[in-house]
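*Asks:* Please read through the structure below; I'll follow up with questions.
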Amino acid sequence: MSTRELKRLGVMARVEKEALNLVDAAAMLGLSYRQAKRIWRRFQDEGAEGLQHRSVGRTSGRADRRSFG
């Protein structure tokens, strides 16, 4: 996980423990309340894996392109 994703995980874990509300969590992450709510919902549904970027582990679209020059 990237440092940004780890920071999100820590903040969402605090929201889960009710030590932090979602409005304050959004401010800490530099997000709008609506974006924080989306991240919170994904964290509840999928856990820590839900906060990881969706394209992790996939090959790049440019990976199989070789120079044709």
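If you're wondering about the labels, chains in the structure tokens are A, B, ... by order shown, residues count from 1 in each chain, ligands from 1 in order shown.
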Report as an MDAnalysis selection string all protein, DNA and RNA residues lying within 10 Å of A:Ala48, evaluated on only C-alpha atoms, omitting residues in the same chain fewer than 6 positions from it.
*Replies:* chainID A and resid 1 5:6 8:10 12:13 42
*Asks:* Produce a file of the selected residues containing N, CA, C and O atoms, as an mmCIF file, in the first residue's frame.
*Replies:*
data_model
loop_
_atom_site.group_PDB
_atom_site.id
_atom_site.type_symbol
_atom_site.label_atom_id
_atom_site.label_comp_id
_atom_site.auth_asym_id
_atom_site.auth_seq_id
_atom_site.Cartn_x
_atom_site.Cartn_y
_atom_site.Cartn_z
ATOM 1 N N MET A 1 0.842 -1.182 0.000
ATOM 2 C CA MET A 1 0.000 0.000 0.000
ATOM 3 C C MET A 1 0.885 1.242 0.000
ATOM 4 O O MET A 1 1.947 1.256 0.612
ATOM 5 N N GLU A 5 -2.569 5.608 0.949
ATOM 6 C CA GLU A 5 -3.544 4.576 1.297
ATOM 7 C C GLU A 5 -3.420 4.166 2.767
ATOM 8 O O GLU A 5 -4.429 3.919 3.431
ATOM 9 N N LEU A 6 -2.199 4.139 3.285
ATOM 10 C CA LEU A 6 -2.001 3.817 4.699
ATOM 11 C C LEU A 6 -2.566 4.912 5.597
ATOM 12 O O LEU A 6 -3.128 4.628 6.659
ATOM 13 N N ARG A 8 -5.113 6.840 4.813
ATOM 14 C CA ARG A 8 -6.565 6.650 4.746
ATOM 15 C C ARG A 8 -7.005 5.517 5.662
ATOM 16 O O ARG A 8 -8.027 5.615 6.342
ATOM 17 N N LEU A 9 -6.238 4.445 5.679
ATOM 18 C CA LEU A 9 -6.558 3.301 6.523
ATOM 19 C C LEU A 9 -6.564 3.698 7.994
ATOM 20 O O LEU A 9 -7.489 3.354 8.735
ATOM 21 N N GLY A 10 -5.543 4.446 8.410
ATOM 22 C CA GLY A 10 -5.470 4.875 9.798
ATOM 23 C C GLY A 10 -6.625 5.770 10.196
ATOM 24 O O GLY A 10 -7.221 5.607 11.270
ATOM 25 N N MET A 12 -9.628 5.970 8.686
ATOM 26 C CA MET A 12 -10.885 5.220 8.656
ATOM 27 C C MET A 12 -10.999 4.250 9.835
ATOM 28 O O MET A 12 -12.097 3.992 10.328
ATOM 29 N N ALA A 13 -9.880 3.737 10.309
ATOM 30 C CA ALA A 13 -9.908 2.897 11.503
ATOM 31 C C ALA A 13 -10.342 3.713 12.716
ATOM 32 O O ALA A 13 -11.085 3.228 13.574
ATOM 33 N N ARG A 42 -16.660 2.096 1.188
ATOM 34 C CA ARG A 42 -15.832 1.047 0.600
ATOM 35 C C ARG A 42 -15.003 0.345 1.671
ATOM 36 O O ARG A 42 -14.796 -0.866 1.614
#
*Asks:* Identify, on the basis of only C-alpha atoms, every residue whose closest approach to stretch 33-35 of chain A does not exceed 12 Å; exclude the query and any residue fewer than 4 positions from it along the same chain; express the result as a list in words.
*Replies:*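 Counting only C-alpha atoms, the residues come to Arg8, Asn21, Leu22, Val23, Asp24, Ala25, Ala26, Ala27, Met28, Leu29, Ile39, Trp40, Arg41 and Arg42 of chain A.
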*Asks:* Can you spit out the residues from that selection as a short mmCIF file (atom, residue, chain, number, x, y, z; two decimals), in the first residue's frame, using N, CA and C atoms?
*Replies:*
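Saved the output as selection_8.cif:
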data_model
loop_
_atom_site.label_atom_id
_atom_site.label_comp_id
_atom_site.auth_asym_id
_atom_site.auth_seq_id
_atom_site.Cartn_x
_atom_site.Cartn_y
_atom_site.Cartn_z
N ARG A 8 -5.11 6.84 4.81
CA ARG A 8 -6.56 6.65 4.75
C ARG A 8 -7.01 5.52 5.66
N ASN A 21 -15.09 11.65 13.80
CA ASN A 21 -16.28 11.62 12.94
C ASN A 21 -15.87 11.83 11.49
N LEU A 22 -16.76 11.58 10.58
CA LEU A 22 -16.45 11.60 9.16
C LEU A 22 -16.13 13.00 8.65
N VAL A 23 -16.72 14.01 9.23
CA VAL A 23 -16.43 15.38 8.82
C VAL A 23 -14.97 15.72 9.12
N ASP A 24 -14.52 15.37 10.33
CA ASP A 24 -13.12 15.62 10.71
C ASP A 24 -12.16 14.75 9.91
N ALA A 25 -12.57 13.52 9.62
CA ALA A 25 -11.75 12.63 8.82
C ALA A 25 -11.55 13.20 7.41
N ALA A 26 -12.60 13.76 6.85
CA ALA A 26 -12.50 14.36 5.52
C ALA A 26 -11.51 15.52 5.54
N ALA A 27 -11.54 16.33 6.58
CA ALA A 27 -10.62 17.45 6.70
C ALA A 27 -9.18 16.95 6.84
N MET A 28 -8.98 15.91 7.62
CA MET A 28 -7.63 15.36 7.80
C MET A 28 -7.05 14.82 6.50
N LEU A 29 -7.91 14.23 5.68
CA LEU A 29 -7.46 13.65 4.42
C LEU A 29 -7.45 14.65 3.27
N ILE A 39 -15.30 6.71 0.51
CA ILE A 39 -14.17 5.91 0.99
C ILE A 39 -14.59 5.11 2.22
N TRP A 40 -15.35 5.73 3.12
CA TRP A 40 -15.83 5.05 4.32
C TRP A 40 -16.70 3.85 3.96
N ARG A 41 -17.59 4.03 2.99
CA ARG A 41 -18.48 2.94 2.58
C ARG A 41 -17.67 1.78 2.00
N ARG A 42 -16.66 2.10 1.19
CA ARG A 42 -15.83 1.05 0.60
C ARG A 42 -15.00 0.34 1.67
#
*Asks:* Counting only C-alpha atoms, figure out which residue out of A:Val11, A:Gly50, A:Glu18, A:Thr3 gets nearest to A:Arg38.
*Replies:*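 Nearest candidate to A:Arg38 out of A:Val11, A:Gly50, A:Glu18, A:Thr3: A:Gly50.
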*Asks:* Would you list, as a PDB file with N, CA and C atoms, in the first residue's frame, the residues of chain A that end up in helix (DSSP H, G or I) under DSSP run on this structure's backbone?
*Replies:*
ATOM      1  N   THR A   3       1.734   5.289   0.856  1.00  0.00           N
ATOM      2  CA  THR A   3       1.615   6.054   2.095  1.00  0.00           C
ATOM      3  C   THR A   3       0.258   6.742   2.181  1.00  0.00           C
ATOM      4  N   ARG A   4      -0.270   7.180   1.053  1.00  0.00           N
ATOM      5  CA  ARG A   4      -1.592   7.810   1.045  1.00  0.00           C
ATOM      6  C   ARG A   4      -2.669   6.814   1.458  1.00  0.00           C
ATOM      7  N   GLU A   5      -2.569   5.608   0.949  1.00  0.00           N
ATOM      8  CA  GLU A   5      -3.544   4.576   1.297  1.00  0.00           C
ATOM      9  C   GLU A   5      -3.420   4.166   2.767  1.00  0.00           C
ATOM     10  N   LEU A   6      -2.199   4.139   3.285  1.00  0.00           N
ATOM     11  CA  LEU A   6      -2.001   3.817   4.699  1.00  0.00           C
ATOM     12  C   LEU A   6      -2.566   4.912   5.597  1.00  0.00           C
ATOM     13  N   LYS A   7      -2.421   6.161   5.166  1.00  0.00           N
ATOM     14  CA  LYS A   7      -2.993   7.266   5.935  1.00  0.00           C
ATOM     15  C   LYS A   7      -4.520   7.152   5.959  1.00  0.00           C
ATOM     16  N   ARG A   8      -5.113   6.840   4.813  1.00  0.00           N
ATOM     17  CA  ARG A   8      -6.565   6.650   4.746  1.00  0.00           C
ATOM     18  C   ARG A   8      -7.005   5.517   5.662  1.00  0.00           C
ATOM     19  N   LEU A   9      -6.238   4.445   5.679  1.00  0.00           N
ATOM     20  CA  LEU A   9      -6.558   3.301   6.523  1.00  0.00           C
ATOM     21  C   LEU A   9      -6.564   3.698   7.994  1.00  0.00           C
ATOM     22  N   GLY A  10      -5.543   4.446   8.410  1.00  0.00           N
ATOM     23  CA  GLY A  10      -5.470   4.875   9.798  1.00  0.00           C
ATOM     24  C   GLY A  10      -6.625   5.770  10.196  1.00  0.00           C
ATOM     25  N   VAL A  11      -6.981   6.690   9.318  1.00  0.00           N
ATOM     26  CA  VAL A  11      -8.084   7.611   9.605  1.00  0.00           C
ATOM     27  C   VAL A  11      -9.408   6.857   9.630  1.00  0.00           C
ATOM     28  N   MET A  12      -9.628   5.970   8.686  1.00  0.00           N
ATOM     29  CA  MET A  12     -10.885   5.220   8.656  1.00  0.00           C
ATOM     30  C   MET A  12     -10.999   4.250   9.835  1.00  0.00           C
ATOM     31  N   ALA A  13      -9.880   3.737  10.309  1.00  0.00           N
ATOM     32  CA  ALA A  13      -9.908   2.897  11.503  1.00  0.00           C
ATOM     33  C   ALA A  13     -10.342   3.713  12.716  1.00  0.00           C
ATOM     34  N   ARG A  14      -9.907   4.971  12.783  1.00  0.00           N
ATOM     35  CA  ARG A  14     -10.330   5.846  13.879  1.00  0.00           C
ATOM     36  C   ARG A  14     -11.815   6.180  13.776  1.00  0.00           C
ATOM     37  N   VAL A  15     -12.314   6.321  12.560  1.00  0.00           N
ATOM     38  CA  VAL A  15     -13.754   6.561  12.360  1.00  0.00           C
ATOM     39  C   VAL A  15     -14.529   5.332  12.823  1.00  0.00           C
ATOM     40  N   GLU A  16     -14.011   4.157  12.507  1.00  0.00           N
ATOM     41  CA  GLU A  16     -14.671   2.903  12.895  1.00  0.00           C
ATOM     42  C   GLU A  16     -14.753   2.767  14.418  1.00  0.00           C
ATOM     43  N   LEU A  22     -16.765  11.580  10.582  1.00  0.00           N
ATOM     44  CA  LEU A  22     -16.454  11.595   9.159  1.00  0.00           C
ATOM     45  C   LEU A  22     -16.128  12.996   8.645  1.00  0.00           C
ATOM     46  N   VAL A  23     -16.721  14.005   9.229  1.00  0.00           N
ATOM     47  CA  VAL A  23     -16.426  15.385   8.818  1.00  0.00           C
ATOM     48  C   VAL A  23     -14.968  15.718   9.124  1.00  0.00           C
ATOM     49  N   ASP A  24     -14.518  15.368  10.327  1.00  0.00           N
ATOM     50  CA  ASP A  24     -13.124  15.623  10.706  1.00  0.00           C
ATOM     51  C   ASP A  24     -12.163  14.746   9.908  1.00  0.00           C
ATOM     52  N   ALA A  25     -12.572  13.525   9.619  1.00  0.00           N
ATOM     53  CA  ALA A  25     -11.746  12.625   8.818  1.00  0.00           C
ATOM     54  C   ALA A  25     -11.545  13.197   7.414  1.00  0.00           C
ATOM     55  N   ALA A  26     -12.602  13.757   6.851  1.00  0.00           N
ATOM     56  CA  ALA A  26     -12.503  14.361   5.522  1.00  0.00           C
ATOM     57  C   ALA A  26     -11.509  15.516   5.537  1.00  0.00           C
ATOM     58  N   ALA A  27     -11.545  16.329   6.585  1.00  0.00           N
ATOM     59  CA  ALA A  27     -10.620  17.452   6.701  1.00  0.00           C
ATOM     60  C   ALA A  27      -9.182  16.954   6.839  1.00  0.00           C
ATOM     61  N   MET A  28      -8.979  15.908   7.619  1.00  0.00           N
ATOM     62  CA  MET A  28      -7.630  15.361   7.796  1.00  0.00           C
ATOM     63  C   MET A  28      -7.049  14.820   6.496  1.00  0.00           C
ATOM     64  N   LEU A  29      -7.915  14.231   5.677  1.00  0.00           N
ATOM     65  CA  LEU A  29      -7.463  13.645   4.420  1.00  0.00           C
ATOM     66  C   LEU A  29      -7.448  14.645   3.272  1.00  0.00           C
ATOM     67  N   TYR A  33     -16.556  16.020   2.240  1.00  0.00           N
ATOM     68  CA  TYR A  33     -17.325  15.071   3.039  1.00  0.00           C
ATOM     69  C   TYR A  33     -17.856  13.949   2.156  1.00  0.00           C
ATOM     70  N   ARG A  34     -18.311  14.312   0.971  1.00  0.00           N
ATOM     71  CA  ARG A  34     -18.884  13.310   0.069  1.00  0.00           C
ATOM     72  C   ARG A  34     -17.852  12.256  -0.338  1.00  0.00           C
ATOM     73  N   GLN A  35     -16.628  12.702  -0.660  1.00  0.00           N
ATOM     74  CA  GLN A  35     -15.571  11.759  -1.023  1.00  0.00           C
ATOM     75  C   GLN A  35     -15.216  10.873   0.168  1.00  0.00           C
ATOM     76  N   ALA A  36     -15.143  11.465   1.364  1.00  0.00           N
ATOM     77  CA  ALA A  36     -14.832  10.691   2.558  1.00  0.00           C
ATOM     78  C   ALA A  36     -15.915   9.650   2.816  1.00  0.00           C
ATOM     79  N   LYS A  37     -17.150  10.012   2.547  1.00  0.00           N
ATOM     80  CA  LYS A  37     -18.258   9.084   2.731  1.00  0.00           C
ATOM     81  C   LYS A  37     -18.137   7.895   1.776  1.00  0.00           C
ATOM     82  N   ARG A  38     -17.726   8.150   0.543  1.00  0.00           N
ATOM     83  CA  ARG A  38     -17.522   7.067  -0.424  1.00  0.00           C
ATOM     84  C   ARG A  38     -16.402   6.133   0.031  1.00  0.00           C
ATOM     85  N   ILE A  39     -15.295   6.712   0.515  1.00  0.00           N
ATOM     86  CA  ILE A  39     -14.174   5.912   0.994  1.00  0.00           C
ATOM     87  C   ILE A  39     -14.590   5.110   2.225  1.00  0.00           C
ATOM     88  N   TRP A  40     -15.353   5.726   3.117  1.00  0.00           N
ATOM     89  CA  TRP A  40     -15.830   5.049   4.322  1.00  0.00           C
ATOM     90  C   TRP A  40     -16.703   3.848   3.962  1.00  0.00           C
ATOM     91  N   ARG A  41     -17.592   4.034   2.994  1.00  0.00           N
ATOM     92  CA  ARG A  41     -18.479   2.942   2.579  1.00  0.00           C
ATOM     93  C   ARG A  41     -17.672   1.781   2.000  1.00  0.00           C
ATOM     94  N   ARG A  42     -16.660   2.096   1.188  1.00  0.00           N
ATOM     95  CA  ARG A  42     -15.832   1.047   0.600  1.00  0.00           C
ATOM     96  C   ARG A  42     -15.003   0.345   1.671  1.00  0.00           C
ATOM     97  N   PHE A  43     -14.548   1.096   2.672  1.00  0.00           N
ATOM     98  CA  PHE A  43     -13.816   0.513   3.791  1.00  0.00           C
ATOM     99  C   PHE A  43     -14.709  -0.441   4.580  1.00  0.00           C
ATOM    100  N   GLN A  44     -15.958  -0.076   4.793  1.00  0.00           N
ATOM    101  CA  GLN A  44     -16.896  -0.949   5.512  1.00  0.00           C
ATOM    102  C   GLN A  44     -17.185  -2.222   4.731  1.00  0.00           C
ATOM    103  N   ASP A  45     -17.319  -2.098   3.418  1.00  0.00           N
ATOM    104  CA  ASP A  45     -17.659  -3.253   2.586  1.00  0.00           C
ATOM    105  C   ASP A  45     -16.481  -4.196   2.363  1.00  0.00           C
ATOM    106  N   GLU A  46     -15.294  -3.632   2.087  1.00  0.00           N
ATOM    107  CA  GLU A  46     -14.164  -4.443   1.651  1.00  0.00           C
ATOM    108  C   GLU A  46     -12.981  -4.458   2.607  1.00  0.00           C
ATOM    109  N   GLY A  47     -13.016  -3.646   3.635  1.00  0.00           N
ATOM    110  CA  GLY A  47     -11.895  -3.578   4.565  1.00  0.00           C
ATOM    111  C   GLY A  47     -10.727  -2.802   3.979  1.00  0.00           C
ATOM    112  N   ALA A  48      -9.535  -3.114   4.436  1.00  0.00           N
ATOM    113  CA  ALA A  48      -8.334  -2.390   4.006  1.00  0.00           C
ATOM    114  C   ALA A  48      -8.093  -2.541   2.499  1.00  0.00           C
ATOM    115  N   GLU A  49      -8.449  -3.676   1.934  1.00  0.00           N
ATOM    116  CA  GLU A  49      -8.253  -3.892   0.501  1.00  0.00           C
ATOM    117  C   GLU A  49      -9.078  -2.917  -0.331  1.00  0.00           C
ATOM    118  N   GLY A  50     -10.190  -2.452   0.227  1.00  0.00           N
ATOM    119  CA  GLY A  50     -11.040  -1.512  -0.484  1.00  0.00           C
ATOM    120  C   GLY A  50     -10.412  -0.145  -0.651  1.00  0.00           C
ATOM    121  N   LEU A  51      -9.417   0.166   0.169  1.00  0.00           N
ATOM    122  CA  LEU A  51      -8.751   1.465   0.080  1.00  0.00           C
ATOM    123  C   LEU A  51      -7.581   1.442  -0.889  1.00  0.00           C
TER     124      LEU A  51
END
